$ cat query00.cif   # mmCIF, C-alpha atoms
data_entry
#
loop_
_atom_site.label_atom_id
_atom_site.label_comp_id
_atom_site.auth_asym_id
_atom_site.auth_seq_id
_atom_site.Cartn_x
_atom_site.Cartn_y
_atom_site.Cartn_z
CA MET A 1 -18.54 -4.51 -13.30
CA ALA A 2 -16.37 -3.31 -16.18
CA GLY A 3 -16.06 0.36 -15.16
CA SER A 4 -14.97 3.29 -17.31
CA ALA A 5 -11.56 3.29 -19.01
CA LEU A 6 -9.30 6.18 -18.03
CA SER A 7 -5.57 5.79 -18.57
CA LEU A 8 -3.19 7.25 -16.00
CA THR A 9 -1.28 8.79 -18.92
CA ASP A 10 -4.35 10.42 -20.50
CA GLY A 11 -3.57 14.10 -21.13
CA GLY A 12 -7.08 15.02 -20.02
CA PHE A 13 -7.04 12.78 -16.94
CA TRP A 14 -8.08 15.35 -14.36
CA PHE A 15 -10.77 16.93 -16.53
CA LYS A 16 -12.37 13.52 -17.08
CA ALA A 17 -11.76 12.35 -13.52
CA GLY A 18 -13.75 15.24 -12.13
CA MET A 19 -16.93 13.64 -13.47
CA LEU A 20 -16.04 10.08 -12.44
CA GLN A 21 -15.50 10.08 -8.68
CA ASN A 22 -16.80 7.23 -6.49
CA THR A 23 -17.07 4.86 -9.44
CA LEU A 24 -14.88 2.08 -10.81
CA LEU A 25 -12.29 3.16 -13.38
CA GLY A 26 -9.64 1.18 -15.19
CA ASP A 27 -6.31 1.46 -16.98
CA GLY A 28 -5.82 -2.00 -18.42
CA ALA A 29 -5.38 -4.43 -15.53
CA PHE A 30 -5.18 -1.54 -13.04
CA LYS A 31 -8.61 -0.88 -11.45
CA TYR A 32 -9.19 2.15 -9.27
CA VAL A 33 -11.67 4.45 -7.56
CA LEU A 34 -11.14 8.19 -7.07
CA MET A 35 -12.69 9.80 -4.00
CA SER A 36 -12.65 13.13 -2.20
CA GLY A 37 -9.66 13.56 0.09
CA ASP A 38 -11.93 13.85 3.13
CA ALA A 39 -13.31 10.34 2.53
CA GLN A 40 -13.76 8.19 5.61
CA MET A 41 -11.26 5.39 6.15
CA ARG A 42 -12.02 2.45 8.39
CA VAL A 43 -10.39 -0.85 9.36
CA VAL A 44 -12.87 -3.72 8.96
CA TRP A 45 -11.98 -7.04 10.57
CA ARG A 46 -12.78 -10.50 9.24
CA LYS A 47 -14.86 -12.58 11.63
CA ASP A 48 -13.44 -15.90 12.78
CA THR A 49 -16.22 -17.75 10.99
CA GLU A 50 -16.00 -16.00 7.62
CA ARG A 51 -13.67 -15.67 4.67
CA PHE A 52 -12.28 -12.37 3.50
CA SER A 53 -14.46 -12.47 0.39
CA ASP A 54 -17.48 -12.52 2.74
CA LEU A 55 -16.15 -9.37 4.39
CA LEU A 56 -15.66 -7.72 0.98
CA ARG A 57 -19.28 -8.31 0.05
CA ARG A 58 -20.64 -7.22 3.42
CA GLU A 59 -18.65 -4.04 3.94
CA SER A 60 -18.89 -2.80 0.35
CA GLN A 61 -22.66 -2.62 0.72
CA THR A 62 -22.09 0.53 2.81
CA ALA A 63 -18.61 1.67 1.82
CA THR A 64 -17.80 2.71 -1.74
CA VAL A 65 -14.69 0.52 -1.94
CA VAL A 66 -13.03 -2.10 0.26
CA VAL A 67 -9.54 -3.56 -0.24
CA ASN A 68 -7.24 -5.93 1.63
CA GLY A 69 -4.89 -4.56 4.28
CA PRO A 70 -1.10 -4.66 4.77
CA MET A 71 1.03 -7.78 4.94
CA TYR A 72 0.44 -10.23 7.79
CA ASP A 73 1.84 -13.39 9.29
CA LEU A 74 0.51 -16.54 10.97
CA ASN A 75 1.48 -17.24 14.56
CA ALA A 76 4.31 -19.66 15.27
CA SER A 77 2.17 -22.54 16.51
CA LEU A 78 -0.05 -22.40 13.45
CA LYS A 79 2.89 -22.20 11.05
CA ALA A 80 4.51 -25.16 12.78
CA GLY A 81 1.44 -27.31 12.31
CA ILE A 82 -0.15 -25.88 9.21
CA GLY A 83 1.58 -28.32 6.86
CA LEU A 84 0.70 -31.58 8.61
CA GLY A 85 -2.51 -30.42 10.23
CA ARG A 86 -4.16 -28.89 7.18
CA VAL A 87 -2.91 -31.63 4.86
CA ALA A 88 -4.41 -34.19 7.24
CA ARG A 89 -7.71 -32.31 7.22
CA ALA A 90 -7.62 -32.07 3.44
CA LEU A 91 -7.00 -35.81 3.05
CA SER A 92 -10.09 -36.57 5.12
CA LEU A 93 -12.35 -34.35 3.00
CA PRO A 94 -13.60 -34.66 -0.58
CA ALA A 95 -11.43 -32.99 -3.22
CA GLY A 96 -12.02 -29.25 -3.47
CA THR A 97 -13.59 -28.93 -0.02
CA PRO A 98 -12.63 -25.60 1.62
CA LEU A 99 -10.61 -25.99 4.83
CA GLY A 100 -12.27 -23.12 6.66
CA PRO A 101 -11.25 -19.70 7.94
CA ILE A 102 -8.29 -19.24 10.31
CA PRO A 103 -9.29 -17.53 13.61
CA GLN A 104 -8.08 -13.96 14.15
CA ALA A 105 -6.03 -14.99 17.19
CA GLN A 106 -3.73 -16.98 14.90
CA VAL A 107 -3.02 -14.11 12.48
CA GLN A 108 -0.80 -11.06 13.13
CA PRO A 109 -0.79 -7.92 10.94
CA GLU A 110 2.69 -6.73 9.95
CA GLY A 111 2.31 -3.21 11.29
CA MET A 112 0.39 -1.14 13.81
CA VAL A 113 -3.33 -0.50 13.42
CA ILE A 114 -4.62 2.74 14.95
CA GLU A 115 -8.15 4.10 15.20
CA ARG A 116 -9.03 7.34 17.00
CA GLY A 117 -5.65 7.49 18.73
CA VAL A 118 -5.90 3.88 19.92
CA ALA A 119 -3.40 1.16 18.93
CA LEU A 120 -5.52 -1.93 18.37
CA PRO A 121 -4.17 -5.29 19.58
CA GLY A 122 -2.71 -7.79 17.17
CA GLY A 123 -0.45 -5.54 15.15
CA LYS A 124 3.23 -4.89 15.81
CA PRO A 125 5.62 -1.98 15.21
CA GLU A 126 7.39 -1.95 11.84
CA PRO A 127 9.69 1.10 12.04
CA ASN A 128 11.50 0.17 8.81
CA LEU A 129 8.30 0.19 6.74
CA PHE A 130 5.78 2.97 6.06
CA TRP A 131 2.29 4.02 7.13
CA PHE A 132 -0.83 5.55 5.60
CA GLY A 133 -3.88 6.99 7.30
CA ARG A 134 -6.61 9.56 7.80
CA MET A 135 -5.68 12.43 10.10
CA ILE A 136 -7.67 15.15 11.85
CA GLY A 137 -6.24 18.59 11.15
CA PRO A 138 -6.98 22.05 12.54
CA LYS A 139 -10.67 22.86 12.97
CA GLY A 140 -11.55 19.20 12.50
CA VAL A 141 -10.61 19.05 8.80
CA HIS A 142 -9.70 15.51 7.75
CA TYR A 143 -6.86 14.74 5.36
CA LEU A 144 -4.82 11.73 4.27
CA ALA A 145 -1.12 11.34 4.96
CA GLY A 146 1.68 8.82 5.15
CA GLY A 147 5.39 8.45 5.70
CA PRO A 148 8.23 6.28 7.01
CA GLY A 149 7.95 4.31 10.25
CA ASP A 150 4.89 3.52 12.33
CA PRO A 151 1.68 5.59 12.23
CA PRO A 152 1.56 8.37 14.84
CA LEU A 153 0.01 7.17 18.09
CA VAL A 154 -1.74 10.47 18.78
CA GLY A 155 -5.32 11.60 19.15
CA SER A 156 -5.32 13.27 15.73
CA THR A 157 -4.82 9.90 14.02
CA ASN A 158 -8.35 9.01 12.99
CA CYS A 159 -7.45 5.74 11.24
CA ALA A 160 -4.04 4.50 10.10
CA VAL A 161 -2.12 1.33 9.31
CA GLY A 162 1.58 0.60 9.31
CA GLY A 163 3.52 -2.18 7.60
CA VAL A 164 3.01 -0.82 4.08
CA GLY A 165 5.55 -0.17 1.33
CA PRO A 166 6.34 3.19 -0.29
CA MET A 167 5.62 4.16 -3.89
CA ILE A 168 5.67 7.97 -3.60
CA VAL A 169 6.71 10.02 -0.57
CA GLY A 170 6.72 13.81 -0.69
CA ALA A 171 6.16 13.70 -4.48
CA LEU A 172 9.31 11.56 -4.96
CA PRO A 173 8.63 8.17 -6.62
CA TYR A 174 10.34 5.07 -5.25
CA GLY A 175 11.90 2.15 -7.10
CA ALA A 176 14.49 -0.61 -6.83
CA ASN A 177 17.39 1.88 -7.00
CA ASN A 178 18.20 5.56 -6.79
CA ALA A 179 18.14 7.63 -9.96
CA TYR A 180 19.44 11.18 -10.31
CA ARG A 181 19.08 14.05 -12.72
CA GLY A 182 21.84 16.59 -13.34
CA LEU A 183 24.74 15.14 -11.35
CA PRO A 184 27.97 17.02 -12.09
CA ALA A 185 30.86 15.18 -13.68
CA ALA A 186 33.73 14.30 -11.37
CA ALA A 187 36.80 16.46 -11.87
CA ALA A 188 38.99 13.42 -11.31
CA PRO A 189 38.47 9.74 -10.46
CA PHE A 190 37.85 9.06 -6.79
CA ASP A 191 39.25 5.85 -5.36
CA TYR A 192 36.34 4.09 -3.67
CA GLY A 193 37.47 0.51 -3.91
CA ASN A 194 35.51 -1.69 -6.26
CA PHE A 195 32.43 0.52 -6.10
CA THR A 196 33.68 3.50 -8.11
CA HIS A 197 31.37 4.36 -11.01
CA LEU A 198 31.87 7.77 -12.62
CA ARG A 199 29.83 8.89 -15.59
CA ALA A 200 30.90 11.18 -18.42
CA ALA A 201 30.10 14.87 -18.28
CA GLY A 202 26.71 15.85 -19.66
CA ALA A 203 24.92 12.63 -18.72
CA ASP A 204 21.36 13.45 -17.64
CA TRP A 205 20.46 10.31 -15.68
CA LYS A 206 23.01 8.58 -13.47
CA ASP A 207 21.92 5.38 -11.84
CA GLU A 208 25.25 4.04 -10.63
CA LEU A 209 27.24 4.93 -7.54
CA TYR A 210 28.85 8.36 -7.94
CA VAL A 211 31.51 9.83 -5.68
CA ASP A 212 33.04 13.27 -6.20
CA GLN A 213 36.53 14.41 -5.27
CA ASP A 214 35.44 15.42 -1.79
CA GLY A 215 33.84 12.05 -1.05
CA HIS A 216 30.21 13.17 -1.39
CA ARG A 217 28.20 10.11 -2.42
CA ALA A 218 25.24 9.63 -4.73
CA PRO A 219 24.76 5.86 -4.27
CA LEU A 220 22.72 3.37 -6.22
CA LEU A 221 21.02 2.23 -2.99
CA GLY A 222 20.27 4.04 0.25
CA ALA A 223 20.36 7.67 1.28
CA PRO A 224 22.55 10.02 -0.79
CA ASP A 225 24.71 12.77 0.61
CA PRO A 226 22.60 15.88 1.35
CA LEU A 227 24.48 17.62 -1.49
CA TYR A 228 22.96 15.22 -4.03
CA ALA A 229 19.59 14.47 -2.41
CA PRO A 230 17.84 17.31 -4.34
CA MET A 231 18.88 15.61 -7.59
CA LEU A 232 16.99 12.40 -6.82
CA VAL A 233 14.21 11.55 -9.24
CA GLN A 234 13.70 8.08 -7.75
CA ARG A 235 14.52 6.75 -4.27
CA SER A 236 15.54 3.15 -3.65
CA ASN A 237 13.50 0.87 -1.38
CA ALA A 238 14.20 -2.80 -0.67
CA THR A 239 10.56 -3.68 0.07
CA LEU A 240 9.38 -2.35 -3.28
CA ALA A 241 12.32 -3.96 -5.07
CA SER A 242 11.46 -7.33 -3.54
CA HIS A 243 7.84 -7.08 -4.67
CA ASP A 244 8.82 -5.99 -8.18
CA GLN A 245 11.11 -9.00 -8.64
CA GLY A 246 8.03 -11.02 -9.54
CA ALA A 247 6.19 -10.94 -12.84
CA PRO A 248 4.44 -7.66 -13.74
CA GLU A 249 1.13 -9.55 -13.48
CA LYS A 250 1.66 -10.02 -9.73
CA GLY A 251 -1.27 -8.69 -7.69
CA LYS A 252 -1.04 -5.17 -6.23
CA THR A 253 -3.18 -3.06 -3.89
CA VAL A 254 -2.41 0.67 -3.86
CA LEU A 255 -3.51 3.79 -1.94
CA ALA A 256 -2.52 7.22 -3.24
CA TYR A 257 -3.27 10.79 -2.21
CA HIS A 258 -3.07 14.06 -4.18
CA GLY A 259 -2.69 16.82 -1.61
CA ALA A 260 -3.30 19.82 -3.86
CA ARG A 261 -6.46 18.35 -5.43
CA ARG A 262 -7.48 16.54 -2.22
CA ILE A 263 -8.11 13.31 -4.11
CA LEU A 264 -7.74 9.74 -2.81
CA MET A 265 -7.12 6.82 -5.15
CA VAL A 266 -7.88 3.25 -4.03
CA ALA A 267 -6.62 0.72 -6.56
CA VAL A 268 -5.95 -2.93 -7.26
CA GLN A 269 -4.28 -4.99 -9.95
CA PRO A 270 -5.74 -8.50 -9.67
CA ASN A 271 -3.14 -11.23 -9.33
CA GLY A 272 -2.31 -12.78 -12.70
CA ALA A 273 -4.18 -10.15 -14.74
CA ALA A 274 -2.89 -9.85 -18.30
CA GLY A 275 -1.17 -6.55 -19.01
CA GLY A 276 -0.14 -6.00 -15.41
CA ARG A 277 2.66 -3.60 -14.53
CA LYS A 278 5.34 -3.24 -11.88
CA LEU A 279 4.95 -0.95 -8.89
CA VAL A 280 7.76 1.34 -10.03
CA ASP A 281 5.99 2.03 -13.33
CA ILE A 282 2.68 2.73 -11.60
CA ALA A 283 4.48 5.01 -9.12
CA HIS A 284 5.94 7.15 -11.90
CA ASP A 285 2.56 7.44 -13.62
CA LEU A 286 0.93 8.54 -10.35
CA ALA A 287 3.75 11.01 -9.66
CA GLY A 288 3.24 12.39 -13.17
CA LEU A 289 -0.39 13.09 -12.24
CA GLY A 290 0.74 14.99 -9.15
CA PHE A 291 0.07 12.40 -6.44
CA ASP A 292 2.48 13.20 -3.63
CA ASN A 293 1.95 10.11 -1.46
CA ALA A 294 1.30 6.51 -2.46
CA VAL A 295 1.81 3.15 -0.75
CA PHE A 296 1.26 -0.50 -1.58
CA LEU A 297 -0.45 -2.97 0.73
CA ASP A 298 -0.20 -6.76 0.70
CA GLY A 299 -0.12 -7.92 -2.91
CA SER A 300 0.31 -11.07 -4.96
CA THR A 301 -2.46 -13.56 -4.13
CA SER A 302 -3.84 -11.26 -1.39
CA ALA A 303 -4.79 -8.42 -3.75
CA SER A 304 -8.54 -7.85 -3.31
CA MET A 305 -11.16 -5.20 -4.00
CA ALA A 306 -14.93 -4.79 -3.87
CA VAL A 307 -16.79 -1.74 -5.21
CA ASP A 308 -20.43 -1.10 -4.36
CA GLY A 309 -21.04 -4.71 -3.35
CA ILE A 310 -19.29 -6.30 -6.36
CA ILE A 311 -15.97 -8.11 -5.95
CA GLU A 312 -13.51 -6.88 -8.60
CA ALA A 313 -10.47 -8.83 -7.35
CA ARG A 314 -10.51 -11.73 -4.92
CA PRO A 315 -7.72 -13.50 -3.01
CA THR A 316 -6.79 -17.12 -3.55
CA ALA A 317 -8.45 -19.71 -1.32
CA GLY A 318 -5.64 -19.83 1.24
CA LYS A 319 -5.47 -16.06 1.56
CA ASP A 320 -9.26 -15.85 1.69
CA GLU A 321 -9.10 -17.89 4.90
CA THR A 322 -6.35 -15.86 6.57
CA ILE A 323 -6.40 -12.13 5.61
CA PRO A 324 -7.18 -10.50 8.97
CA PHE A 325 -8.72 -7.20 7.92
CA GLY A 326 -9.50 -4.84 5.08
CA LEU A 327 -9.66 -1.09 4.59
CA ALA A 328 -13.02 0.46 3.73
CA PHE A 329 -13.51 3.93 2.25
CA ALA A 330 -16.75 5.89 2.07
CA PRO A 331 -17.69 9.51 1.32
CA THR A 332 -18.08 11.83 4.28
CA GLY A 333 -21.67 11.63 5.49
CA ILE A 334 -22.05 7.85 5.26
CA LEU A 335 -22.90 6.72 8.80
CA TRP A 336 -20.81 3.98 10.32
CA ASP A 337 -21.29 2.74 13.86
CA GLN A 338 -18.67 4.85 15.64
CA ASN A 339 -18.71 2.55 18.66
CA ASP A 340 -17.83 -0.60 16.75
CA PHE A 341 -14.20 -1.06 15.79
CA HIS A 342 -14.96 -4.53 14.41
CA HIS A 343 -12.17 -5.98 16.54
CA PRO A 344 -13.04 -8.50 19.28
CA LYS A 345 -10.21 -7.32 21.52
CA HIS A 346 -10.54 -3.58 21.04
CA HIS A 347 -10.81 -2.94 24.75
CA ARG A 348 -7.18 -4.00 25.12
CA GLY A 349 -5.92 -1.21 22.87
CA HIS A 350 -3.65 1.57 24.11
CA ARG A 351 -4.60 5.22 23.89
CA MET A 352 -2.02 7.99 23.80
CA ALA A 353 -2.65 10.63 26.44
#
$ encode --input "query00.cif" --output "C-alpha cells"
Amino acid sequence: MAGSALSLTDGGFWFKAGMLQNTLLGDGAFKYVLMSGDAQMRVVWRKDTERFSDLLRRESQTATVVVNGPMYDLNASLKAGIGLGRVARALSLPAGTPLGPIPQAQVQPEGMVIERGVALPGGKPEPNLFWFGRMIGPKGVHYLAGGPGDPPLVGSTNCAVGGVGPMIVGALPYGANNAYRGLPAAAAPFDYGNFTHLRAAGADWKDELYVDQDGHRAPLLGAPDPLYAPMLVQRSNATLASHDQGAPEKGKTVLAYHGARRILMVAVQPNGAAGGRKLVDIAHDLAGLGFDNAVFLDGSTSASMAVDGIIEARPTAGKDETIPFGLAFAPTGILWDQNDFHHPKHHRGHRMA
C-alpha cells in the first residue's frame, strides 16, 4: 500500500494531517500513521509456532497499525549453541529452507513490559534506557507518555515498555552530542587539561566542551551544569549515537507523541530503504512539528510494520524467527479481549499494590 505523501517539513503539515488520521502516510522512506492520543496500545506476543510476520498479519486485522517492539536478546544456552546447532540443521535441509521460529522461553526483551499495572515475565529492568506507554490519568482519561528509566510499575500504567532509546524528551531532541544556543564567551581561558575548548564571542551554536571561569561546564557529552542546561538544543545519548553510526538506510521503528494536539505517530523506516535518514535528523523534524516525546524501538533488520492487514516493512528471516512481541495500536472503541495478555506466563507477573 503506497499511502499518501506528507513530508514532515511541509508547512501545512497539521492542516493536511487532520484529514489523514489512521491511514498510511509517507515522507520518502519514512512511513507513518497518525492516530488520536487516546489510541489503545497493546503488547502482542508471537506464538512459539509462528514467525513475527505471521503476528503482523494477524494482529493488524483488528489494530490499525502493528510494529516490532524494543530490543531483545537470546538466552545464554541458545546463543552458545546457535552457531553449531542451527548450521547443522541448515546443512541437513535443502537450500533456502526456513529454520523455524525460536520459542518464547529462549528470548528475553531488553526492558520491562507492563500491562494494567502488572510486570509481565520475560523482560528485565533497563534503568539506563527509556520507556514509552499509555497511562490512565484523572477521571480515566488516557494519554501517552515516556521518559528515562523503567516504566512506572503502578496501577495507572495501562501498557508500557522499557528498553527503548530517546529521540525527544520534554520537547528537547536528542543526538550523538550536546548542542547549545547562546552560550556566553569565556572572560578568560580556563585550564581544564586537554579538554578545554572555548569558542569566540558571538558564536550561536557551540558543540564542544565549554568551561567558564567559575568551572561551570557545558560538555559535549553528558549532563551540563544547571547554569547551561536551559541553553541545550540537543541532548547527547550513547544509545542513539550507536544506532546512528550505521548507514542512514538502517531500519528504524519510532513512536512519537504530541501532547498539545494529543496525536500519536507510529512510524517505520524499512531496513535498506533508499533515501533513509538518521534518527537525529528525524528527531529534529518531529521536534519542529511540536512532538514533545519520541522514542525508537529495535531497528536495523528488526524494523517492521503492518497497517490494516498489509505488511509495509518486514524483518529479515533470522529476526522473523526471534522477535518476541510487537506493539499494536487501535482507535478507542475497538474491542480487544481484555482478559488475554497474549503471554503464556502472564499469571507469573507482579502487580504493584
$ resolve_selection --input "query00.cif" --expression "the PyMOL selection byres ((chain A and resi 330-333) around 10)" --output "list in words"
Asn22, Met35, Ser36, Gly37, Asp38, Ala39, Gln40, Met41, Arg42, Ser60, Thr62, Ala63, Thr64, Val65, Val66, His142, Ala328, Phe329, Ile334, Leu335 and Trp336 of chain A
$ residues_around --input "query00.cif" --residues "A:Val295" --least-positions-apart "6" --cutoff "6 Å" --atoms "only C-alpha atoms" --output "PyMOL selection string"
chain A and resi 165-167+254-255
$ atom_distance --input "query00.cif" --atom1 "atom CA of A:Gly133" --atom2 "atom CA of A:Ala171"
16.9 Å
$ atom_distance --input "query00.cif" --atom1 "atom CA of A:Gln234" --atom2 "atom CA of A:Tyr174"
5.2 Å
$ residues_around --input "query00.cif" --residues "A:Ile310" --least-positions-apart "2" --cutoff "8 Å" --atoms "all atoms listed in the file" --output "tab-separated table (two decimals) with C-alpha atoms, in the coordinates of the input"
chain	number	residue	atom	x	y	z
A	1	MET	CA	-18.54	-4.51	-13.30
A	57	ARG	CA	-19.28	-8.31	0.05
A	60	SER	CA	-18.89	-2.80	0.35
A	306	ALA	CA	-14.93	-4.79	-3.87
A	307	VAL	CA	-16.79	-1.74	-5.21
A	308	ASP	CA	-20.43	-1.10	-4.36
A	312	GLU	CA	-13.51	-6.88	-8.60
$ atom_distance --input "query00.cif" --atom1 "atom CA of A:Pro70" --atom2 "atom CA of A:Ser302"
9.4 Å
$ build_atoms --input "query00.cif" --residues "stretch 299-328 of chain A" --atoms "N, CA and C atoms" --output "mmCIF file, in the frame of the given file"
data_model
loop_
_atom_site.group_PDB
_atom_site.id
_atom_site.type_symbol
_atom_site.label_atom_id
_atom_site.label_comp_id
_atom_site.auth_asym_id
_atom_site.auth_seq_id
_atom_site.Cartn_x
_atom_site.Cartn_y
_atom_site.Cartn_z
ATOM 1 N N GLY A 299 0.186 -7.689 -1.498
ATOM 2 C CA GLY A 299 -0.120 -7.920 -2.910
ATOM 3 C C GLY A 299 -0.141 -9.396 -3.250
ATOM 4 N N SER A 300 0.279 -9.703 -4.459
ATOM 5 C CA SER A 300 0.310 -11.070 -4.960
ATOM 6 C C SER A 300 -1.084 -11.704 -4.852
ATOM 7 N N THR A 301 -1.183 -12.855 -4.198
ATOM 8 C CA THR A 301 -2.460 -13.560 -4.130
ATOM 9 C C THR A 301 -3.403 -12.992 -3.079
ATOM 10 N N SER A 302 -2.966 -11.931 -2.357
ATOM 11 C CA SER A 302 -3.840 -11.260 -1.390
ATOM 12 C C SER A 302 -4.635 -10.119 -2.010
ATOM 13 N N ALA A 303 -4.192 -9.613 -3.161
ATOM 14 C CA ALA A 303 -4.790 -8.420 -3.750
ATOM 15 C C ALA A 303 -6.291 -8.597 -3.951
ATOM 16 N N SER A 304 -7.076 -7.706 -3.334
ATOM 17 C CA SER A 304 -8.540 -7.850 -3.310
ATOM 18 C C SER A 304 -9.194 -6.482 -3.360
ATOM 19 N N MET A 305 -10.383 -6.438 -3.976
ATOM 20 C CA MET A 305 -11.160 -5.200 -4.000
ATOM 21 C C MET A 305 -12.624 -5.507 -4.260
ATOM 22 N N ALA A 306 -13.503 -4.768 -3.576
ATOM 23 C CA ALA A 306 -14.930 -4.790 -3.870
ATOM 24 C C ALA A 306 -15.410 -3.351 -3.986
ATOM 25 N N VAL A 307 -16.247 -3.082 -4.985
ATOM 26 C CA VAL A 307 -16.790 -1.740 -5.210
ATOM 27 C C VAL A 307 -18.307 -1.848 -5.269
ATOM 28 N N ASP A 308 -18.963 -1.120 -4.390
ATOM 29 C CA ASP A 308 -20.430 -1.100 -4.360
ATOM 30 C C ASP A 308 -21.040 -2.498 -4.357
ATOM 31 N N GLY A 309 -20.475 -3.372 -3.523
ATOM 32 C CA GLY A 309 -21.040 -4.710 -3.350
ATOM 33 C C GLY A 309 -20.584 -5.740 -4.355
ATOM 34 N N ILE A 310 -19.761 -5.364 -5.328
ATOM 35 C CA ILE A 310 -19.290 -6.300 -6.360
ATOM 36 C C ILE A 310 -17.796 -6.523 -6.195
ATOM 37 N N ILE A 311 -17.377 -7.778 -6.106
ATOM 38 C CA ILE A 311 -15.970 -8.110 -5.950
ATOM 39 C C ILE A 311 -15.267 -7.990 -7.309
ATOM 40 N N GLU A 312 -14.267 -7.110 -7.373
ATOM 41 C CA GLU A 312 -13.510 -6.880 -8.600
ATOM 42 C C GLU A 312 -12.205 -7.666 -8.626
ATOM 43 N N ALA A 313 -11.681 -8.011 -7.464
ATOM 44 C CA ALA A 313 -10.470 -8.830 -7.350
ATOM 45 C C ALA A 313 -10.587 -9.599 -6.057
ATOM 46 N N ARG A 314 -10.363 -10.897 -6.121
ATOM 47 C CA ARG A 314 -10.510 -11.730 -4.920
ATOM 48 C C ARG A 314 -9.201 -12.451 -4.638
ATOM 49 N N PRO A 315 -8.935 -12.757 -3.369
ATOM 50 C CA PRO A 315 -7.720 -13.500 -3.010
ATOM 51 C C PRO A 315 -7.865 -14.979 -3.356
ATOM 52 N N THR A 316 -6.726 -15.679 -3.368
ATOM 53 C CA THR A 316 -6.790 -17.120 -3.550
ATOM 54 C C THR A 316 -7.396 -17.764 -2.301
ATOM 55 N N ALA A 317 -7.730 -19.034 -2.400
ATOM 56 C CA ALA A 317 -8.450 -19.710 -1.320
ATOM 57 C C ALA A 317 -7.711 -19.621 0.014
ATOM 58 N N GLY A 318 -6.393 -19.866 -0.004
ATOM 59 C CA GLY A 318 -5.640 -19.830 1.240
ATOM 60 C C GLY A 318 -5.619 -18.449 1.867
ATOM 61 N N LYS A 319 -5.465 -17.426 1.052
ATOM 62 C CA LYS A 319 -5.470 -16.060 1.560
ATOM 63 C C LYS A 319 -6.877 -15.660 2.001
ATOM 64 N N ASP A 320 -7.879 -16.167 1.324
ATOM 65 C CA ASP A 320 -9.260 -15.850 1.690
ATOM 66 C C ASP A 320 -9.566 -16.308 3.117
ATOM 67 N N GLU A 321 -8.889 -17.353 3.566
ATOM 68 C CA GLU A 321 -9.100 -17.890 4.900
ATOM 69 C C GLU A 321 -8.296 -17.170 5.982
ATOM 70 N N THR A 322 -7.282 -16.371 5.569
ATOM 71 C CA THR A 322 -6.350 -15.860 6.570
ATOM 72 C C THR A 322 -6.223 -14.335 6.619
ATOM 73 N N ILE A 323 -6.539 -13.588 5.562
ATOM 74 C CA ILE A 323 -6.400 -12.130 5.610
ATOM 75 C C ILE A 323 -7.168 -11.597 6.808
ATOM 76 N N PRO A 324 -6.507 -10.877 7.725
ATOM 77 C CA PRO A 324 -7.180 -10.500 8.970
ATOM 78 C C PRO A 324 -8.151 -9.337 8.850
ATOM 79 N N PHE A 325 -7.833 -8.355 8.012
ATOM 80 C CA PHE A 325 -8.720 -7.200 7.920
ATOM 81 C C PHE A 325 -8.570 -6.504 6.569
ATOM 82 N N GLY A 326 -9.542 -5.658 6.271
ATOM 83 C CA GLY A 326 -9.500 -4.840 5.080
ATOM 84 C C GLY A 326 -9.612 -3.376 5.438
ATOM 85 N N LEU A 327 -9.489 -2.527 4.440
ATOM 86 C CA LEU A 327 -9.660 -1.090 4.590
ATOM 87 C C LEU A 327 -10.863 -0.660 3.755
ATOM 88 N N ALA A 328 -11.806 0.017 4.394
ATOM 89 C CA ALA A 328 -13.020 0.460 3.730
ATOM 90 C C ALA A 328 -13.004 1.978 3.623
#
